[in-house]
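Participant: One structure coming up, written as structure tokens, with questions to follow.
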Amino acid sequence: MNEERKARINRLKWHCRRALLELDLVFDRFWERHEGDLDAQGEAALESLLELQDHELWALVSGREVTDDPQQAAMIERLREVSPLANFE
Amino acid sequence: MHYTIRKFDAIIVGAGGAGLRAAIQLSEAGFKTAVLTKVFPTRSHTVAAQGGVAASLGNSEEDHWHWHMYDTVKGSDWLGDQDAIEFMCRKANEVVVELEHYGMPFDRLDNGKIYQRPFGGHMSNFGEKPVRRSCAAADRTGHAMLHAMYQRNVKVNTQFFVEWQALDLVRDAEGDVLGVTAMDMETGEIVVFHAKATIFATGGSGRIYYSSTNAFINTGDGLGMAARAGIPLEDMEFWQFHPTGVAGAGVLITEGVRGEGGILRNSAGERFMERYAPNAKDLASRDVVSRAMTTEINEGRGCGPNKDYVLLDITHLPPETIMKRLPGIHEIGVQFAGVDCLKEPLPVVPTCHYQMGGIPTNYLGQVVVPKGGNPSEPVQGFYAAGECACASVHGANRLGTNSLLDLLVFGKSAGETAVTDLRNSVKAHKPLPQEVIDMTLARVDRLNHQKDGADVHETRLAMQRTMQKHAGVFRFKDMLAAGVERIHEIAGQVAQTQIKDKSMVFNTARIEALELDNLIEVAKATIVSANARTESRGAHVRDDATDTPETPDGRDDKNWLKHTLWYREGNRLDYKPVHMKPMSVDTIELKKRAY
């Protein structure tokens, strides 16, 4: 990973430190699985989601609300799929 | 290693509720005020507070601050300082109304007044019957509160340093506090914030436990910094546990689940609460349920491959009831336990929730230490408020909705006292002690160059598992003693942590290692203090503290009605008296805490 991308990823990772434990746990798992395969589009979608307030973000991740933005929606799907739900069904 | 110096009148570390409230006071008074924070202010953990803020406004029925005071003293199991508790309860209406003026969208009654709801432990007429005292903004009280106070700070020109990690307290040879050293996460640059007043509002340290409802940012940074600077930590053996956190994740499952008919079961499928609380059963108070769960697990009746959790069963409830009345629970089960709670029970364990102890302060928000025969001598230039501080209003056990009140009242109080000191006595910046700055630089340098050291993640996990096992909700003499040894061993590893990534920009590995330096101080303070206190009181419950007429429920007022003070140097313990005398009313006399 070049220095510039590494800095960008590190910044995103820190912005995943949230006020709610629920989100911390979701992002923790996300980075474990997806650090290697996050492309520029994914980075942009994640960055835009991280601008949201924590309750809004959790409402999207927990499926209580949906976003109209297709890129954001795709990222929400990835955040949801890394939950243990995948093992459970 | 290079560093720069920046001068302010006041520096506040932490931008949750307490830090923002203190900053308003200083900025409004015209002082040049900086707030350092690890995350954007409205992402502080205060956001997670749902219940509301207690104030005896009496909007729905008769209420009085004296009744609130009585409930808080009783809730604290008489370990709370009665002068600080009177101060907090009398100030409650004022700070809530101020918050309303800052734009806080409280829920309203039809007549336009703030709506108030009942909450556990809050009673009218000195413990007679429940009273509606909690002021809330739906289930987002903490979130709304932070937004209102952040906007107010922007208006009064508070300067925010967002994504900065505070490193160490700068305290000179006379014991005066002159600011903090801190690191800009974006560049790795180290700056000395030289200030005439330093306020800590760094929140709790719940991440010392394996199972915690706290967000990852709650790493006790203020406590670690204070301890390294020779300030003792007060009453750290007292931690509030919530009975139902999801096993392995910590995410809170609301009491409402048991309220709707949820049942706790052990590995045999037995509804074990019938044995511990035949009347209230699964709806007994938090501490009773948590202790019963721990007993089941300790006696081998836990569930799962390691027999280390019990089950919360709602499969007998109609699915439509669950989805309608407990909408978030199904998703939490799916996300964090891999369980569909409509079909299978949820794995739960008692989970660390709130830190009652902290940096010792008085009701003015001044940090106080024993000196020259005075158990509570103010440290010049140093103030603290919120969960990181111990005023002490929560004593051995906190009442719900008193935490948001604590951060408003003592955030304001710390700010006000700092303003008074800046106006009257502290006119100039004292010279910075070079050796203290060098100590910080050496600490960061050590981390950058450590070879063959301990892994940060593994060391933190070892600490968290040890604290959970040895100093959890129910405590045993031998386990505590063994836990003290183990935590000291782990502390040795923390002093030699190693990071592979040495980059400067948002190096999260470095930040986590620095956070662990703080967490381990809190863990040591907790387990050493808990090991020494041989009674049961509030949230500190020991198996070997016997229930006798002189020591009801194991509480030993003759020997233990006193505050613990833990010093980092030599792991030394000291004690100081509880303030039994309130400011204006009669002492609330000791009696058995029963509801």
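The chains in the structure tokens are called A, B, ... from first to last as shown; in each chain the residues are counted from 1, and the ligands are counted from 1 in the order shown.
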What's around range 408-418 of chain B at 9 Å? Count only C-alpha atoms, leave out sequence neighbours fewer than 2 positions away in its own chain, and write the answer as an MDAnalysis selection string.

Facilitator: chainID B and resid 10 17:26 87:89 91:92 94:96 99 196:199 201 363:366 381:386 391 403:406 420:423

Participant: Using only C-alpha atoms, select each residue of chain B with any atom at most 7 Å away from an atom of chain A, and give the selection as a list in words.

Facilitator: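 Selected residues: Arg43, Ser44, His45, Val47, Ala48, Thr213, Asn214, Ala215, Phe216, Ile217, Val251, Glu331, Val334, Gln335, Phe336, Ala337, Gly338, Val339, Val505, Phe506, Asn507 and Thr508 of chain B.
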
Participant: Which residues are close to range 115-128 of chain B, i.e. within 9 Å by only C-alpha atoms, leaving aside same-chain residues fewer than 2 positions away? Reply as a PDB file with C-alpha atoms, in the first residue's frame.

Facilitator:
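As a result, out31.pdb now contains:
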ATOM      1  CA  GLY B  51     -32.883   7.991  29.704  1.00  0.00           C
ATOM      2  CA  GLY B  52     -32.931  11.698  30.371  1.00  0.00           C
ATOM      3  CA  ALA B  54     -33.065  14.379  36.446  1.00  0.00           C
ATOM      4  CA  ALA B  55     -34.415  17.683  37.800  1.00  0.00           C
ATOM      5  CA  LEU B  57     -39.011  20.751  38.164  1.00  0.00           C
ATOM      6  CA  GLY B  58     -42.311  19.366  39.411  1.00  0.00           C
ATOM      7  CA  ASN B  59     -43.977  19.909  36.035  1.00  0.00           C
ATOM      8  CA  SER B  60     -46.263  16.881  36.267  1.00  0.00           C
ATOM      9  CA  GLU B  62     -45.099  17.800  43.234  1.00  0.00           C
ATOM     10  CA  ASP B  63     -41.337  17.348  43.554  1.00  0.00           C
ATOM     11  CA  HIS B  64     -38.494  18.844  45.599  1.00  0.00           C
ATOM     12  CA  HIS B  66     -34.493  17.578  48.896  1.00  0.00           C
ATOM     13  CA  TRP B  67     -36.350  14.401  47.841  1.00  0.00           C
ATOM     14  CA  HIS B  68     -33.994  14.041  44.875  1.00  0.00           C
ATOM     15  CA  MET B  69     -31.070  14.479  47.258  1.00  0.00           C
ATOM     16  CA  TYR B  70     -32.429  11.762  49.549  1.00  0.00           C
ATOM     17  CA  ASP B  71     -32.803   9.339  46.623  1.00  0.00           C
ATOM     18  CA  THR B  72     -29.249  10.058  45.444  1.00  0.00           C
ATOM     19  CA  LYS B  74     -29.628   6.330  49.350  1.00  0.00           C
ATOM     20  CA  GLY B  75     -28.757   5.182  45.834  1.00  0.00           C
ATOM     21  CA  PHE B 106     -37.072  18.590  25.324  1.00  0.00           C
ATOM     22  CA  ASP B 107     -40.327  16.629  25.073  1.00  0.00           C
ATOM     23  CA  ARG B 108     -43.243  18.847  26.138  1.00  0.00           C
ATOM     24  CA  LEU B 109     -46.485  18.663  28.031  1.00  0.00           C
ATOM     25  CA  ASP B 110     -49.623  20.122  26.416  1.00  0.00           C
ATOM     26  CA  GLY B 112     -45.688  23.770  26.961  1.00  0.00           C
ATOM     27  CA  LYS B 113     -43.670  22.816  30.021  1.00  0.00           C
ATOM     28  CA  PRO B 130     -42.068   6.922  42.224  1.00  0.00           C
ATOM     29  CA  VAL B 131     -41.987  10.475  40.890  1.00  0.00           C
ATOM     30  CA  ARG B 132     -41.733  11.860  37.351  1.00  0.00           C
ATOM     31  CA  ARG B 133     -38.363  13.635  37.398  1.00  0.00           C
ATOM     32  CA  SER B 134     -36.542  12.743  34.180  1.00  0.00           C
ATOM     33  CA  CYS B 135     -36.493  15.329  31.366  1.00  0.00           C
ATOM     34  CA  ALA B 136     -35.847  13.761  27.978  1.00  0.00           C
ATOM     35  CA  LEU B 399     -29.147   6.416  39.828  1.00  0.00           C
ATOM     36  CA  GLY B 400     -30.300   6.526  36.214  1.00  0.00           C
ATOM     37  CA  THR B 401     -30.547  10.077  34.763  1.00  0.00           C
ATOM     38  CA  TYR B 595     -36.374  -0.591  48.048  1.00  0.00           C
TER      39      TYR B 595
END

Participant: Step one, run DSSP on the backbone; step two, keep only residues of range 27-66 of chain A assigned to helix (DSSP H, G or I); then write them as a VMD selection string.

Facilitator: chain A and resid 27 to 34 40 to 50 54 to 61

Participant: Next, write the just-selected residues to a file, as a compact mmCIF listing (two decimals), in the first residue's frame, keeping C-alpha atoms as the atom set.

Facilitator:
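Generated output (part-v3.txt):
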# COMPACT_ATOMS: atom_id res chain seq x y z
CA PHE A 27 -16.87 -1.19 11.64
CA ASP A 28 -14.38 -3.35 13.52
CA ARG A 29 -15.61 -6.41 11.63
CA PHE A 30 -15.81 -4.51 8.37
CA TRP A 31 -12.12 -3.57 8.47
CA GLU A 32 -11.08 -7.08 9.46
CA ARG A 33 -12.68 -8.43 6.30
CA HIS A 34 -12.55 -5.62 3.79
CA ALA A 40 -12.08 4.28 -4.50
CA GLN A 41 -15.85 4.09 -4.96
CA GLY A 42 -16.20 2.17 -1.70
CA GLU A 43 -13.98 4.65 0.10
CA ALA A 44 -16.11 7.55 -1.11
CA ALA A 45 -19.34 5.83 -0.06
CA LEU A 46 -17.92 5.02 3.35
CA GLU A 47 -16.67 8.56 3.78
CA SER A 48 -20.11 9.98 3.04
CA LEU A 49 -21.75 7.59 5.51
CA LEU A 50 -19.27 8.54 8.20
CA ASP A 54 -24.49 8.09 14.81
CA HIS A 55 -28.21 7.45 15.30
CA GLU A 56 -28.86 8.04 11.58
CA LEU A 57 -26.04 5.71 10.62
CA TRP A 58 -27.22 2.99 13.00
CA ALA A 59 -30.76 3.29 11.63
CA LEU A 60 -29.34 2.52 8.15
CA VAL A 61 -27.06 -0.30 9.29

Participant: In Å, rounded to a single decimal, give me how far CA of Arg207 in chain B is from CA of Leu461 in chain B.

Facilitator: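 Calculated distance between CA of Leu461 in chain B and CA of Arg207 in chain B is 9.9 Å.
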
Participant: Rounded to one decimal, what separation in Å do you get between CA of Ala277 in chain B and CA of Leu312 in chain B?

Facilitator: 16.5 Å
